[in-house]
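Shown below: model-v6.pdb, with PDB, C-alpha atoms, pLDDT in the B column.
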MODEL        1
ATOM      1  CA  MET A  27       0.000   0.000   0.000  1.00 96.00           C
ATOM      2  CA  ILE A  28       1.203   3.505  -0.796  1.00 96.00           C
ATOM      3  CA  GLU A  29       0.250   5.823   2.048  1.00 98.00           C
ATOM      4  CA  THR A  30      -0.324   9.449   1.084  1.00 98.00           C
ATOM      5  CA  LEU A  31      -1.126  12.726   2.806  1.00 98.00           C
ATOM      6  CA  THR A  32      -3.119  15.738   1.721  1.00 98.00           C
ATOM      7  CA  PRO A  33      -1.409  19.145   1.651  1.00 98.00           C
ATOM      8  CA  GLN A  34      -3.490  20.018   4.729  1.00 98.00           C
ATOM      9  CA  GLU A  35      -2.283  16.944   6.634  1.00 98.00           C
ATOM     10  CA  ALA A  36       1.333  17.550   5.613  1.00 98.00           C
ATOM     11  CA  ALA A  37       1.163  21.177   6.764  1.00 98.00           C
ATOM     12  CA  GLU A  38      -0.369  20.148  10.106  1.00 98.00           C
ATOM     13  CA  GLU A  39       2.356  17.565  10.705  1.00 98.00           C
ATOM     14  CA  LEU A  40       5.108  20.048   9.846  1.00 98.00           C
ATOM     15  CA  ARG A  41       3.562  22.700  12.101  1.00 97.00           C
ATOM     16  CA  ALA A  42       3.509  20.133  14.929  1.00 96.00           C
ATOM     17  CA  ARG A  43       7.266  19.755  14.372  1.00 95.00           C
ATOM     18  CA  GLY A  44       7.745  23.531  14.595  1.00 94.00           C
ATOM     19  CA  LEU A  45       7.856  24.530  10.920  1.00 95.00           C
ATOM     20  CA  ARG A  46       5.667  27.499  10.050  1.00 97.00           C
ATOM     21  CA  THR A  47       3.915  26.483   6.847  1.00 98.00           C
ATOM     22  CA  SER A  48       0.498  26.149   5.239  1.00 98.00           C
ATOM     23  CA  PRO A  49      -1.274  23.906   2.741  1.00 98.00           C
ATOM     24  CA  GLU A  50      -0.760  26.636   0.126  1.00 98.00           C
ATOM     25  CA  ILE A  51       3.004  26.559   0.651  1.00 98.00           C
ATOM     26  CA  ILE A  52       3.025  22.767   0.437  1.00 98.00           C
ATOM     27  CA  ARG A  53       1.074  22.924  -2.853  1.00 98.00           C
ATOM     28  CA  ALA A  54       3.361  25.596  -4.312  1.00 98.00           C
ATOM     29  CA  GLY A  55       6.469  23.664  -3.251  1.00 98.00           C
ATOM     30  CA  LEU A  56       5.205  20.530  -4.978  1.00 98.00           C
ATOM     31  CA  GLU A  57       4.262  22.473  -8.122  1.00 97.00           C
ATOM     32  CA  GLN A  58       7.728  24.085  -8.238  1.00 97.00           C
ATOM     33  CA  HIS A  59       9.520  20.789  -7.472  1.00 97.00           C
ATOM     34  CA  VAL A  60      10.981  22.266  -4.275  1.00 97.00           C
ATOM     35  CA  PHE A  61       9.675  19.472  -2.063  1.00 98.00           C
ATOM     36  CA  PRO A  62      10.937  16.006  -3.038  1.00 97.00           C
ATOM     37  CA  PHE A  63       8.277  14.095  -1.111  1.00 98.00           C
ATOM     38  CA  GLY A  64       5.433  14.300  -3.595  1.00 98.00           C
ATOM     39  CA  ASP A  65       4.078  15.061  -7.026  1.00 98.00           C
ATOM     40  CA  CYS A  66       1.641  17.526  -8.535  1.00 98.00           C
ATOM     41  CA  ILE A  67      -0.391  16.426 -11.535  1.00 97.00           C
ATOM     42  CA  THR A  68      -2.200  19.185 -13.420  1.00 95.00           C
ATOM     43  CA  THR A  69      -5.133  18.501 -15.721  1.00 95.00           C
ATOM     44  CA  GLU A  70      -7.827  20.662 -17.233  1.00 96.00           C
ATOM     45  CA  LYS A  71      -9.926  19.882 -14.138  1.00 95.00           C
ATOM     46  CA  GLY A  72      -7.259  21.235 -11.776  1.00 95.00           C
ATOM     47  CA  ALA A  73      -4.286  20.014  -9.794  1.00 96.00           C
ATOM     48  CA  ARG A  74      -3.936  16.780  -7.818  1.00 97.00           C
ATOM     49  CA  TYR A  75      -1.279  16.436  -5.119  1.00 98.00           C
ATOM     50  CA  TYR A  76       0.330  13.179  -4.046  1.00 98.00           C
ATOM     51  CA  ILE A  77       2.422  13.414  -0.877  1.00 98.00           C
ATOM     52  CA  TYR A  78       4.051  10.083  -0.127  1.00 98.00           C
ATOM     53  CA  ARG A  79       4.164   9.374   3.615  1.00 98.00           C
ATOM     54  CA  GLU A  80       7.510   7.522   3.542  1.00 98.00           C
ATOM     55  CA  PHE A  81       9.320  10.252   1.577  1.00 98.00           C
ATOM     56  CA  PHE A  82       7.644  12.969   3.645  1.00 98.00           C
ATOM     57  CA  GLU A  83       8.734  11.386   6.933  1.00 98.00           C
ATOM     58  CA  ARG A  84      12.297  10.906   5.711  1.00 97.00           C
ATOM     59  CA  TRP A  85      12.498  14.543   4.503  1.00 97.00           C
ATOM     60  CA  ALA A  86      11.076  15.920   7.767  1.00 97.00           C
ATOM     61  CA  ASN A  87      13.260  13.708   9.957  1.00 96.00           C
ATOM     62  CA  GLU A  88      16.411  14.813   8.107  1.00 95.00           C
ATOM     63  CA  ARG A  89      15.605  18.443   8.908  1.00 92.00           C
ATOM     64  CA  GLU A  90      14.407  18.067  12.477  1.00 86.00           C
ATOM     65  CA  VAL A  91      16.869  19.218  15.120  1.00 82.00           C
ATOM     66  CA  ARG A  92      17.275  16.660  17.857  1.00 75.00           C
ATOM     67  CA  THR A  93      18.221  17.848  21.350  1.00 71.00           C
TER      68      THR A  93
ENDMDL
END
For the file at hand, write its structure as structure tokens.
Amino acid sequence: MIETLTPQEAAEELRARGLRTSPEIIRAGLEQHVFPFGDCITTEKGARYYIYREFFERWANEREVRT
């Protein structure tokens, strides 16, 4: 199974880790290929965001400061 998150869920998880962000920033980062943990597919009906839990967790863990 491929576990995914919505931009809203990803933003909430990052905020819980102390990163000030929003679903809009997550969407823009995926569209601009800034965030490596997901994909944005654009069709005539709009955009669809796929945030892959495993890649997201790895990315966030690499940036989290441990004390």
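For Arg53 (chain A), the list of residues within 8 Å, based on only C-alpha atoms and with local chain neighbours fewer than 6 positions off taken out, reads Pro33, Cys66 and Tyr75 of chain A.
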Which residues are near region 61-64 of chain A? Cut-off 8 Å, only C-alpha atoms, ignore same chain within fewer than 6 positions. Put them as a PDB file with C-alpha atoms, in the coordinates of the input.
ATOM      1  CA  ILE A  52       3.025  22.767   0.437  1.00 98.00           C
ATOM      2  CA  GLY A  55       6.469  23.664  -3.251  1.00 98.00           C
ATOM      3  CA  TYR A  75      -1.279  16.436  -5.119  1.00 98.00           C
ATOM      4  CA  TYR A  76       0.330  13.179  -4.046  1.00 98.00           C
ATOM      5  CA  ILE A  77       2.422  13.414  -0.877  1.00 98.00           C
ATOM      6  CA  TYR A  78       4.051  10.083  -0.127  1.00 98.00           C
ATOM      7  CA  ARG A  79       4.164   9.374   3.615  1.00 98.00           C
ATOM      8  CA  PHE A  81       9.320  10.252   1.577  1.00 98.00           C
ATOM      9  CA  PHE A  82       7.644  12.969   3.645  1.00 98.00           C
ATOM     10  CA  TRP A  85      12.498  14.543   4.503  1.00 97.00           C
TER      11      TRP A  85
END
> Between A:Ala86, A:Leu31, A:Thr93, A:Asp65, which is the closest to Arg43 (chain A) once you count all atoms listed in the file?
Replying inline: A:Ala86
>> I'd like to see the residues matched by the PyMOL selection byres ((chain A and resi 50) around 12) on this file, and ideally I'd get them as an MDAnalysis selection string.
In response: chainID A and resid 32:38 46:49 51:57 75
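For the atom pair formed by CA of Thr30 (chain A) and CA of Glu80 (chain A), the distance is 8.4 Å, given to one decimal.
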Six-sided padding of 8 Å per side, axis-aligned box over region 64-81 of chain A, centre and edges in Å, one decimal, as lines of an AutoDock Vina configuration file:
center_x = -0.3
center_y = 14.4
center_z = -6.8
size_x = 35.2
size_y = 29.7
size_z = 36.8
